[in-house]
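What follows is a set of notes on a single structure, which appears directly below.
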Amino acid sequence: MSLATNDRISALKNVNVQVPASDFTLPFMISPKGGEDLVKWAINHQNLLFDLLIEHGAILFRGMKIGSASAFDELFSKLCGGSIEYINRTSPRDKVVNNVYTSTTYPKEHPIHMHTENSYSPEFNRIIGFFCLKPPMKGGETPIAEERLLLKELPAETVSKFRDKKILYVRNLVDGIGIDWQTAYQTSDRNEVNRRLESSNISYEWISEDHLRTKWVLPAVINHPITGEEVWFNHMYFYHKSLYDPSILEYFEDEDLPFSSYYGDGSKIEDEVINAIRQFYQRYSIVFKWEKDDFLLIDNLIFSHGRNPFEGERMILTAMSDLLTY
């Protein structure tokens with residue numbers, strides 16, 4: 001239930017609030033005022049926080065003094081109703097405690113492109129949280145960008161085309177290239193994998209015992225379950241072949257790439273569409289430096305995220321909640 005304006009103003013008097021500025025250096029941020037315990041404050045104002053999350057799409061809590069993975073797990077569970085397991089994986093992650101994971105284990109010298117978590121999957125999470133246990137020495141930011149704004153920035157005819165055709169995803173799970181099918185589906189039972197794929201209307205082909213190819217079609221835009229507004233929610237950009245290093249493309253036919261995306265009818269997505277999305281992220285991504293104990297809470301249907309290259313050690317933990325289906 002949304003809080004009345006007076007109640008919201010009263011509750012926010014006990015904390016410092018920073019509204020995003022035009023320089024895109026910080027999201028909506030809450031930090032403690034005086035001796036306020038921000039962890040207790042957040043738990044006591046859960047309804048307010050989720051009103052703010054719907055309004056702003058992302059909230060950065062700075063100065064919470066969480067301290068550990070188990071404390072993050074406890075806080076996230078209290079705020080978000082428990083975390084969910086990461087099963088349909090596209091990237092390597094380690095479980096730390098319960099359903100709290102390390103953020104994607106990917107070479108530090110490479111970026112992770114902007115995406116909305118699990119938007120390639122028939123089942124996806126609305127809420128995602130990030131907790132900074134150890135900030136990197138240099139770089140390693142988690143850029144975020146508002147997908148509602150992206151939807152408005154794209155030409156109406158482009159959105160209409162995606163709305164009508166949807167998106168075809170193609171994935172190849174091959175031993176030695178990315179993660180294998182056992183890691184992706186958290187099982188070594190091929191029959192169990194077949195069952196899951198069939199129940200999700202995903203077509204598949206076993207090229208060999210170590211090579212599984214899957215294809216499926218999902219929407220490019222959906223309606224937010226709370227606000228009802230249309231949101232751009234898909235993995236098309238992240239999966240697109242234009243984001244690959246050109247040297248990798250020399251070794252693969254298109255159908256054998258680890259990931260690829262097309263219009264739902266199998267036709268190619270125009271270069272100008274990919275360029276428009278790339279330019280949007282370059283212009284409108286919010287990029288801030290991680291500080292220890294930072295807690296970033298995101299509505300995954302409203303904001304995308306990525307990761308910049310970094311130096312030194314970096315430990316950002318993540319948890320997800322509010323499981324939804326298309």
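Each chain in the structure tokens gets a letter, A, B and so on, in the order shown; residues start at 1 in every chain, and ligands are counted from 1 in the order they appear.
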
Discussion item. Set the distance at 6 Å and use only C-alpha atoms: which residues neighbour A:Gly264 once local chain neighbours fewer than 2 positions away are removed? I'd like the list as a ChimeraX atom specification.
Written reply: /A:165-168,217,266

Which neighbours of stretch 253-262 of chain A fall inside 10 Å, counting only C-alpha atoms, when residues of the same chain fewer than 3 positions from it are skipped, and could you give them as an mmCIF file with N, CA, C and O atoms, in the first residue's frame?
```
data_model
loop_
_atom_site.group_PDB
_atom_site.id
_atom_site.type_symbol
_atom_site.label_atom_id
_atom_site.label_comp_id
_atom_site.auth_asym_id
_atom_site.auth_seq_id
_atom_site.Cartn_x
_atom_site.Cartn_y
_atom_site.Cartn_z
ATOM 1 N N THR A 90 23.299 -18.215 -17.285
ATOM 2 C CA THR A 90 24.035 -17.868 -18.492
ATOM 3 C C THR A 90 25.475 -17.487 -18.172
ATOM 4 O O THR A 90 26.275 -17.277 -19.082
ATOM 5 N N LYS A 165 6.854 -8.698 -33.530
ATOM 6 C CA LYS A 165 7.657 -9.865 -33.903
ATOM 7 C C LYS A 165 8.267 -10.606 -32.711
ATOM 8 O O LYS A 165 8.611 -11.780 -32.802
ATOM 9 N N LYS A 166 8.457 -9.884 -31.601
ATOM 10 C CA LYS A 166 9.115 -10.427 -30.415
ATOM 11 C C LYS A 166 10.586 -10.730 -30.724
ATOM 12 O O LYS A 166 11.132 -10.222 -31.713
ATOM 13 N N ILE A 167 11.235 -11.557 -29.892
ATOM 14 C CA ILE A 167 12.674 -11.810 -30.032
ATOM 15 C C ILE A 167 12.939 -13.308 -30.011
ATOM 16 O O ILE A 167 12.433 -14.033 -29.149
ATOM 17 N N LEU A 168 13.744 -13.748 -30.969
ATOM 18 C CA LEU A 168 14.225 -15.132 -30.999
ATOM 19 C C LEU A 168 15.604 -15.179 -30.358
ATOM 20 O O LEU A 168 16.503 -14.426 -30.757
ATOM 21 N N TYR A 169 15.757 -16.044 -29.369
ATOM 22 C CA TYR A 169 17.047 -16.269 -28.735
ATOM 23 C C TYR A 169 17.596 -17.626 -29.174
ATOM 24 O O TYR A 169 16.855 -18.615 -29.239
ATOM 25 N N VAL A 170 18.887 -17.668 -29.458
ATOM 26 C CA VAL A 170 19.567 -18.927 -29.798
ATOM 27 C C VAL A 170 20.766 -19.053 -28.861
ATOM 28 O O VAL A 170 21.540 -18.101 -28.701
ATOM 29 N N ARG A 171 20.896 -20.226 -28.271
ATOM 30 C CA ARG A 171 21.982 -20.450 -27.328
ATOM 31 C C ARG A 171 22.641 -21.793 -27.599
ATOM 32 O O ARG A 171 21.956 -22.791 -27.851
ATOM 33 N N ASN A 172 23.967 -21.811 -27.554
ATOM 34 C CA ASN A 172 24.734 -23.048 -27.669
ATOM 35 C C ASN A 172 25.516 -23.277 -26.385
ATOM 36 O O ASN A 172 26.338 -22.441 -25.988
ATOM 37 N N LEU A 173 25.223 -24.381 -25.741
ATOM 38 C CA LEU A 173 25.944 -24.768 -24.529
ATOM 39 C C LEU A 173 26.929 -25.854 -24.930
ATOM 40 O O LEU A 173 26.544 -26.996 -25.227
ATOM 41 N N VAL A 174 28.212 -25.482 -24.956
ATOM 42 C CA VAL A 174 29.259 -26.377 -25.434
ATOM 43 C C VAL A 174 30.347 -26.465 -24.381
ATOM 44 O O VAL A 174 30.811 -25.434 -23.879
ATOM 45 N N ILE A 177 33.384 -23.871 -23.826
ATOM 46 C CA ILE A 177 33.072 -22.529 -24.328
ATOM 47 C C ILE A 177 31.984 -21.944 -23.439
ATOM 48 O O ILE A 177 30.835 -22.369 -23.498
ATOM 49 N N GLY A 178 32.335 -20.977 -22.618
ATOM 50 C CA GLY A 178 31.368 -20.455 -21.652
ATOM 51 C C GLY A 178 31.063 -21.511 -20.607
ATOM 52 O O GLY A 178 31.932 -22.297 -20.204
ATOM 53 N N ILE A 179 29.807 -21.573 -20.167
ATOM 54 C CA ILE A 179 29.437 -22.581 -19.186
ATOM 55 C C ILE A 179 28.754 -23.756 -19.889
ATOM 56 O O ILE A 179 28.119 -23.604 -20.931
ATOM 57 N N HIS A 211 27.154 -30.791 -26.367
ATOM 58 C CA HIS A 211 26.719 -29.602 -27.097
ATOM 59 C C HIS A 211 25.196 -29.607 -27.201
ATOM 60 O O HIS A 211 24.603 -30.435 -27.888
ATOM 61 N N ARG A 213 21.929 -27.136 -28.205
ATOM 62 C CA ARG A 213 21.472 -25.897 -28.822
ATOM 63 C C ARG A 213 19.995 -25.691 -28.511
ATOM 64 O O ARG A 213 19.195 -26.614 -28.670
ATOM 65 N N THR A 214 19.662 -24.479 -28.052
ATOM 66 C CA THR A 214 18.277 -24.163 -27.714
ATOM 67 C C THR A 214 17.819 -22.925 -28.481
ATOM 68 O O THR A 214 18.621 -22.040 -28.800
ATOM 69 N N LYS A 215 16.523 -22.868 -28.756
ATOM 70 C CA LYS A 215 15.919 -21.721 -29.421
ATOM 71 C C LYS A 215 14.565 -21.447 -28.795
ATOM 72 O O LYS A 215 13.805 -22.380 -28.536
ATOM 73 N N TRP A 216 14.265 -20.158 -28.593
ATOM 74 C CA TRP A 216 12.971 -19.810 -28.018
ATOM 75 C C TRP A 216 12.632 -18.359 -28.323
ATOM 76 O O TRP A 216 13.508 -17.556 -28.620
ATOM 77 N N VAL A 217 11.361 -18.045 -28.261
ATOM 78 C CA VAL A 217 10.873 -16.697 -28.555
ATOM 79 C C VAL A 217 10.178 -16.130 -27.324
ATOM 80 O O VAL A 217 9.362 -16.807 -26.686
ATOM 81 N N HIS A 235 16.606 -9.538 -23.452
ATOM 82 C CA HIS A 235 18.047 -9.772 -23.458
ATOM 83 C C HIS A 235 18.620 -9.627 -24.867
ATOM 84 O O HIS A 235 19.707 -10.125 -25.155
ATOM 85 N N MET A 236 17.864 -8.977 -25.746
ATOM 86 C CA MET A 236 18.262 -8.898 -27.147
ATOM 87 C C MET A 236 19.633 -8.256 -27.325
ATOM 88 O O MET A 236 20.509 -8.773 -28.026
ATOM 89 N N TYR A 237 19.839 -7.110 -26.680
ATOM 90 C CA TYR A 237 21.100 -6.377 -26.848
ATOM 91 C C TYR A 237 22.274 -7.200 -26.330
ATOM 92 O O TYR A 237 23.301 -7.333 -26.998
ATOM 93 N N PHE A 238 22.120 -7.794 -25.161
ATOM 94 C CA PHE A 238 23.201 -8.556 -24.542
ATOM 95 C C PHE A 238 23.570 -9.771 -25.387
ATOM 96 O O PHE A 238 24.733 -10.169 -25.445
ATOM 97 N N TYR A 239 22.582 -10.389 -26.027
ATOM 98 C CA TYR A 239 22.811 -11.594 -26.829
ATOM 99 C C TYR A 239 23.303 -11.284 -28.249
ATOM 100 O O TYR A 239 23.730 -12.191 -28.958
ATOM 101 N N HIS A 240 23.213 -10.046 -28.691
ATOM 102 C CA HIS A 240 23.447 -9.755 -30.099
ATOM 103 C C HIS A 240 24.911 -9.952 -30.501
ATOM 104 O O HIS A 240 25.829 -9.598 -29.756
ATOM 105 N N LYS A 241 25.111 -10.484 -31.693
ATOM 106 C CA LYS A 241 26.462 -10.850 -32.148
ATOM 107 C C LYS A 241 27.372 -9.633 -32.294
ATOM 108 O O LYS A 241 28.604 -9.774 -32.253
ATOM 109 N N SER A 242 26.826 -8.437 -32.463
ATOM 110 C CA SER A 242 27.649 -7.244 -32.641
ATOM 111 C C SER A 242 28.469 -6.922 -31.395
ATOM 112 O O SER A 242 29.433 -6.154 -31.480
ATOM 113 N N LEU A 243 28.105 -7.492 -30.244
ATOM 114 C CA LEU A 243 28.841 -7.230 -29.011
ATOM 115 C C LEU A 243 30.025 -8.177 -28.822
ATOM 116 O O LEU A 243 30.825 -8.001 -27.909
ATOM 117 N N TYR A 244 30.146 -9.177 -29.687
ATOM 118 C CA TYR A 244 31.274 -10.095 -29.601
ATOM 119 C C TYR A 244 32.554 -9.426 -30.084
ATOM 120 O O TYR A 244 32.528 -8.545 -30.957
ATOM 121 N N ILE A 248 36.498 -13.469 -32.164
ATOM 122 C CA ILE A 248 35.712 -14.654 -31.815
ATOM 123 C C ILE A 248 34.812 -15.055 -32.974
ATOM 124 O O ILE A 248 34.626 -16.243 -33.256
ATOM 125 N N LEU A 249 34.270 -14.063 -33.664
ATOM 126 C CA LEU A 249 33.341 -14.344 -34.758
ATOM 127 C C LEU A 249 34.005 -15.092 -35.902
ATOM 128 O O LEU A 249 33.333 -15.763 -36.695
ATOM 129 N N GLU A 250 35.338 -15.022 -35.989
ATOM 130 C CA GLU A 250 36.049 -15.735 -37.047
ATOM 131 C C GLU A 250 35.957 -17.246 -36.875
ATOM 132 O O GLU A 250 36.105 -17.993 -37.847
ATOM 133 N N ASP A 265 10.840 -13.831 -35.940
ATOM 134 C CA ASP A 265 10.680 -14.631 -37.150
ATOM 135 C C ASP A 265 12.015 -15.094 -37.717
ATOM 136 O O ASP A 265 12.073 -15.677 -38.805
ATOM 137 N N GLY A 266 13.108 -14.823 -36.987
ATOM 138 C CA GLY A 266 14.425 -15.257 -37.426
ATOM 139 C C GLY A 266 15.176 -14.239 -38.266
ATOM 140 O O GLY A 266 16.334 -14.471 -38.633
ATOM 141 N N SER A 267 14.562 -13.110 -38.578
ATOM 142 C CA SER A 267 15.227 -12.104 -39.405
ATOM 143 C C SER A 267 16.224 -11.289 -38.582
ATOM 144 O O SER A 267 16.123 -11.198 -37.352
ATOM 145 N N LYS A 268 17.175 -10.691 -39.264
ATOM 146 C CA LYS A 268 18.250 -9.939 -38.623
ATOM 147 C C LYS A 268 17.744 -8.631 -38.029
ATOM 148 O O LYS A 268 16.914 -7.945 -38.626
ATOM 149 N N ILE A 269 18.250 -8.295 -36.861
ATOM 150 C CA ILE A 269 17.948 -7.002 -36.234
ATOM 151 C C ILE A 269 18.895 -5.962 -36.826
ATOM 152 O O ILE A 269 20.115 -6.171 -36.867
ATOM 153 N N GLU A 270 18.333 -4.856 -37.270
ATOM 154 C CA GLU A 270 19.105 -3.859 -38.007
ATOM 155 C C GLU A 270 20.226 -3.251 -37.158
ATOM 156 O O GLU A 270 20.077 -3.040 -35.960
#
```

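You can rank A:Ile207, A:Ile298, A:Met137, A:Ile222 by their closest distance to A:Phe61 using only C-alpha atoms, and at the top of that list sits A:Ile298.
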
So that each row is one residue of stretch 85-148 of chain A with an atom at most 12 Å from stretch 282-293 of chain A, can you give its shortest atom pair and the distance in Å to one decimal, using only C-alpha atoms, rows by chain and rising number, as JSON lines?
```
{"residue": "A:His113", "atom": "CA", "partner": "A:Gln282", "partner_atom": "CA", "distance": 11.0}
{"residue": "A:Met114", "atom": "CA", "partner": "A:Ser285", "partner_atom": "CA", "distance": 9.2}
{"residue": "A:His115", "atom": "CA", "partner": "A:Ser285", "partner_atom": "CA", "distance": 11.8}
{"residue": "A:Phe130", "atom": "CA", "partner": "A:Asp293", "partner_atom": "CA", "distance": 9.8}
{"residue": "A:Phe131", "atom": "CA", "partner": "A:Asp293", "partner_atom": "CA", "distance": 6.4}
{"residue": "A:Cys132", "atom": "CA", "partner": "A:Asp293", "partner_atom": "CA", "distance": 5.2}
{"residue": "A:Leu133", "atom": "CA", "partner": "A:Lys292", "partner_atom": "CA", "distance": 5.8}
{"residue": "A:Lys134", "atom": "CA", "partner": "A:Lys292", "partner_atom": "CA", "distance": 5.8}
{"residue": "A:Pro135", "atom": "CA", "partner": "A:Trp290", "partner_atom": "CA", "distance": 5.6}
{"residue": "A:Pro136", "atom": "CA", "partner": "A:Trp290", "partner_atom": "CA", "distance": 7.7}
{"residue": "A:Met137", "atom": "CA", "partner": "A:Trp290", "partner_atom": "CA", "distance": 10.0}
{"residue": "A:Lys138", "atom": "CA", "partner": "A:Lys289", "partner_atom": "CA", "distance": 8.9}
{"residue": "A:Gly139", "atom": "CA", "partner": "A:Lys289", "partner_atom": "CA", "distance": 7.6}
{"residue": "A:Gly140", "atom": "CA", "partner": "A:Trp290", "partner_atom": "CA", "distance": 8.0}
{"residue": "A:Glu141", "atom": "CA", "partner": "A:Lys289", "partner_atom": "CA", "distance": 5.7}
{"residue": "A:Thr142", "atom": "CA", "partner": "A:Val287", "partner_atom": "CA", "distance": 6.7}
{"residue": "A:Pro143", "atom": "CA", "partner": "A:Val287", "partner_atom": "CA", "distance": 4.7}
{"residue": "A:Ile144", "atom": "CA", "partner": "A:Ile286", "partner_atom": "CA", "distance": 5.2}
{"residue": "A:Ala145", "atom": "CA", "partner": "A:Ser285", "partner_atom": "CA", "distance": 4.6}
{"residue": "A:Glu146", "atom": "CA", "partner": "A:Ser285", "partner_atom": "CA", "distance": 7.8}
{"residue": "A:Glu147", "atom": "CA", "partner": "A:Tyr284", "partner_atom": "CA", "distance": 10.1}
{"residue": "A:Arg148", "atom": "CA", "partner": "A:Tyr284", "partner_atom": "CA", "distance": 11.7}
```

Practice prompt. Using DSSP on the backbone coordinates, identify the residues of stretch 119-284 of chain A assigned to strand (DSSP E); present them as a PyMOL selection string.
Written response: chain A and resi 123-134+138-139+144-146+167-174+203-208+211-218+221-223+230-232+259-263

Discussion item. Quick one: residues within 9 Å of A:Glu117, only C-alpha atoms, excluding same-chain residues fewer than 2 positions away - as a list of chain:residue names?
Written reply: A:His115, A:Ser119, A:Tyr120, A:Phe124, A:Asn125, A:Arg126, A:Ile128, A:Asn234, A:His235, A:Asn300, A:Leu301, A:Ser304, A:His305

Worksheet entry | Separation of atom CA of A:Arg93 from atom CA of A:Thr183, in Å and rounded to one decimal | 9.6 Å

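In this model, the gap between atom CA of A:Tyr326 and atom CA of A:Asn201 comes to 11.9 Å.
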